[in-house]
Structures are given as structure tokens and as C-alpha cells.
Amino acid sequence: MTRTEIPARTGWSAALKEGQTFSVIDVEGGQAADLWAFNSEDVEEFLSAHHTRTMNSEVYPRKGWTFYTNERRPILEFVEDTSPGRHDCLAAACDKVRYELLGAGSDHGSCEENLQAETGKHGFEVRHAPQPINVFANFRVTPEGGFELLECVTKPGDAATFKALMDCVVVLSACPQDIIPFQPGGPTSMAAEVSD
Amino acid sequence: MSAVEVQESIQIPAREGRGVQLKAGQRFRCIDVEGKQCGDLFAFCSDNVREYHSAEHTRVWNDNLFPRVGEPFVTNRRRPILTFLADDTPGRHDMLIAACDPTRFELLGCEGWHASCQENLEKVMAGFGHEEIEIPQPINIFTNLPVGTDGSLSWEPALTKAGDSITLRVELDSYVVLTACAQDVLPINNKEPSPLALEVLAD
């Protein structure tokens, strides 16, 4: 098992073999991570939230879910969850424009820019972030069809564990959102643990 | 409702797609000709098809699963590309489900080729000279997929009647593509795919 600290507001990535697992750990609690996965053999195939929702006929990611690619092939499985189980796959990743529109300027840092920096380390570019899996993000649909960004309810040390179902590059971003108050205590660090 | 002059009327046969290039400010109407038929609607910026309507950015923009009348649909660069002007339907639409594609029908047990919204979109965009496009999450108009309080999705037949329509305005020069959903295994089109129409309205 290899553990890596992910400082607040930064990204992390790893090339995994089919069968390897990785855990996303909320070190201090109240923090969300954006998660992406790309087929190592063909990065145009990647985890697609809308295909995953369609295949599972559900909108809230939970333990037991298989995540599918834009080719409808299994890429990750959600195998363990010690958190209260609130996760999202409906909200776009934050990006440079998001913070400009929120009045925070152009050099705020964002999950999309973290993703782009991480995929560069693996030799590929993404023009814009696919819909991420927002691990620990407590975003909920109201009975009237509203969409609310509620505060994260994770405690220190809560972990979500995923298994690679194909060789893939996985990327995490410790979300730097500090304008919309869904991360109580502000952006904090996370950790990733990868099985041998 | 005052009479609206139609500049161009595009008939979309069952299981097929059609598109039109529109300028910012133009209005169009999507019509369910016979009722109970879903449509997959897409909008791509004319000057850069890598920028297109993005459901996930629209949800965050409006704090809603689907825009209400008066609200915008925004792109993956967070710019309004369409505005929802009028809804003359029972009000059920979806932006959570992927476009149907050949793999979807193969997994549902269909043998051989089956028409799909993804192939329809690719064909229309190729006709505009864009062979390589990303496949966005569609705006699934007239689609009745209620979300339960537990997050479950129910695949219900569309509630639209013959002639029901929605009206939108284009905010950025765009390719607008509408496909008459070919789904005949699940009941969203009442298992009888039927035609749609797309009307460009006069200024």
C-alpha cells in the first residue's frame, strides 16, 4: 500500500492496472475530491457520469456501483465506503471561468486546471474536464428538481475505495472551492492510498 | 398566443436526426408531432464545435436539474448558448441520461444494427463538415424520467400530446441538432418511435 498526501487545492494521479484499488481519504473532514478515470490504452475513452447514471438508473454514486465509460464499458467499481455515503456525479468541475464569474479572479486555481496538470504527467491533454465523480460532495436533488450544494458531512479519515476494472489513469483534485461554502473549514488536504 | 411566423420547417422522421445552423438571436421550436416522443437536442458553437451545451454546467448555473422557462442553457465554457422561452408541454424534460448508441441497444439485447441518437447526431454534424465531435450529454426534451428521493431514475413514457412544443432562443451562433429518439426497448417513447419537427421562427 502506498499513501500519498494531496495538499489542499492540488491534484494527484496514478496509472493503475486492472484489479488495483485506491482509496480517497478526507484527512481533516468536510472536503470533496473530483475524480476522473481514463482508459490507459485510449484516453478518448473515459469514465462518463451520464453513461454511468444511465446504466445504473440512479443519480447518487454509492458503494456497489460500477462506473462506465463513454463506450459503456466498466472502468471502476466503488468497493468500500467509510463515509456517510454522500457523493455526486451531477455538478461540473470548477474551472477558471467559474471563479472569474464568482469574482475571484483568474488565478484562483481549479479542479479542471489540476486535472490538466495531472494528465500532462501521463502524456495527454484534456481540453476540458469531463463531468467528475465528486467524492464526498453532498449535492442533492430536491423533490421539485432543484439542485443544492449542501455542506460535506465527512469526518476526518473517512475513505472511499475504488477498484480499477481496466488499466486506467485515475486523477483526483482536492477541490479548491472557497466561495461557495460547501466545504466547511475551507479547502483542506486529502490523501490517496493505492494497493500494491 | 399570437401567431408566429415560421421561417423554416424541418420534419424529422422517426428514429432520425436533423440539424440547422442558427445565428444568435434566432428562435426555434421543437415539436412532438404525434405525442409521447422524446427528442435529444444538442447545440454546438459554430466557430468552435469543442464548445457545446453542457448539462453539468447548466445544472450548476441554474441550481436546477433542468432550466425553467426564462433560464439559460450554458456551454462547457459557461456561456449561455440557448434560452428556454416557452414550454407548451406537461413540463417533463431530462438532462441526466446519455444519448442512446449502438452499444446501448446491443446491451439491451437487440441483434444487428439499430438506429440511435448518437449515430444520428454524428451523421448530422458530419453533414456540416464536422466528422470528429465529442458526444455531449443531450437535452432530452419531452423525456419523462422522474428522480426519486433516493436518487433512483424511472423510465416512464413521455407525457406529451400531439403538437406539444418547446421554444428556445439561440444566444451564440450554433449548430442545433435534434434527433427523434430511436429507443423502442424501454418505454420512454411508448415503444413506438415517431417523428418530431423543428421550426425556425421568423425574427
# chains A, B, ... in the order shown; residues from 1 in each chain; ligands from 1
call {"tool": "select_by_dssp", "arguments": {"residues": "region 33-73 of chain B", "states": "strand (DSSP E or B)", "output": "PyMOL selection string"}}
result
chain B and resi 35+39-45+48-53+64+72-73
call {"tool": "closest_atom_pairs", "arguments": {"of": "chain B", "to": "chain A", "cutoff": "7 Å", "atoms": "only C-alpha atoms", "output": "CSV"}}
result
residue,atom,partner,partner_atom,distance
B:Glu56,CA,A:Ala92,CA,4.9
B:His57,CA,A:Ala92,CA,5.4
B:Arg59,CA,A:Ala91,CA,6.8
B:Val60,CA,A:Ala91,CA,6.0
B:Asp63,CA,A:Phe147,CA,4.8
B:Asn64,CA,A:Gly146,CA,4.2
B:Leu65,CA,A:Gly145,CA,5.5
B:Arg77,CA,A:Val97,CA,7.0
B:Arg78,CA,A:Val97,CA,6.9
B:Leu96,CA,A:His50,CA,6.1
B:Ile97,CA,A:Thr54,CA,5.3
B:Ala98,CA,A:His50,CA,5.1
B:Gln137,CA,A:His50,CA,6.6
B:Thr149,CA,A:Pro143,CA,6.5
B:Gly151,CA,A:Val59,CA,5.1
B:Ser152,CA,A:Glu58,CA,4.3
B:Leu153,CA,A:Ser57,CA,5.0
call {"tool": "residues_around", "arguments": {"residues": "Asp203 (chain B)", "least_positions_apart": "3", "cutoff": "9 Å", "atoms": "only C-alpha atoms", "output": "PDB file with C-alpha atoms, in the first residue's frame"}}
result
ATOM      1  CA  GLU B   5     -44.327  33.163 -38.498  1.00  0.00           C
ATOM      2  CA  GLN B   7     -39.236  30.742 -41.461  1.00  0.00           C
ATOM      3  CA  GLY B  25     -30.943  35.829 -31.531  1.00  0.00           C
ATOM      4  CA  GLN B  26     -32.852  33.358 -33.719  1.00  0.00           C
ATOM      5  CA  ARG B  27     -35.679  31.387 -32.141  1.00  0.00           C
TER       6      ARG B  27
END
call {"tool": "atom_distance", "arguments": {"atom1": "CA of Asp94 (chain B)", "atom2": "CA of Asn62 (chain B)"}}
result
14.4 Å
call {"tool": "select_by_dssp", "arguments": {"residues": "region 63-142 of chain A", "states": "alpha helix (DSSP H)", "output": "ChimeraX atom specification"}}
result
/A:96-101,111-121
call {"tool": "residues_around", "arguments": {"residues": "Leu196 (chain B)", "least_positions_apart": "2", "cutoff": "7 Å", "atoms": "only C-alpha atoms", "output": "mmCIF file with C-alpha atoms, in the first residue's frame"}}
result
data_model
loop_
_atom_site.group_PDB
_atom_site.id
_atom_site.type_symbol
_atom_site.label_atom_id
_atom_site.label_comp_id
_atom_site.auth_asym_id
_atom_site.auth_seq_id
_atom_site.Cartn_x
_atom_site.Cartn_y
_atom_site.Cartn_z
ATOM 1 C CA GLN B 11 -39.525 17.405 -40.480
ATOM 2 C CA ILE B 12 -37.583 14.754 -38.558
ATOM 3 C CA PRO B 13 -38.700 11.223 -39.423
ATOM 4 C CA ILE B 31 -42.493 19.892 -31.776
ATOM 5 C CA ASP B 32 -43.692 16.437 -30.797
ATOM 6 C CA VAL B 33 -45.755 15.728 -33.918
ATOM 7 C CA ALA B 180 -36.146 11.716 -32.718
ATOM 8 C CA SER B 194 -42.465 8.667 -34.016
ATOM 9 C CA LEU B 198 -38.021 21.647 -35.771
#
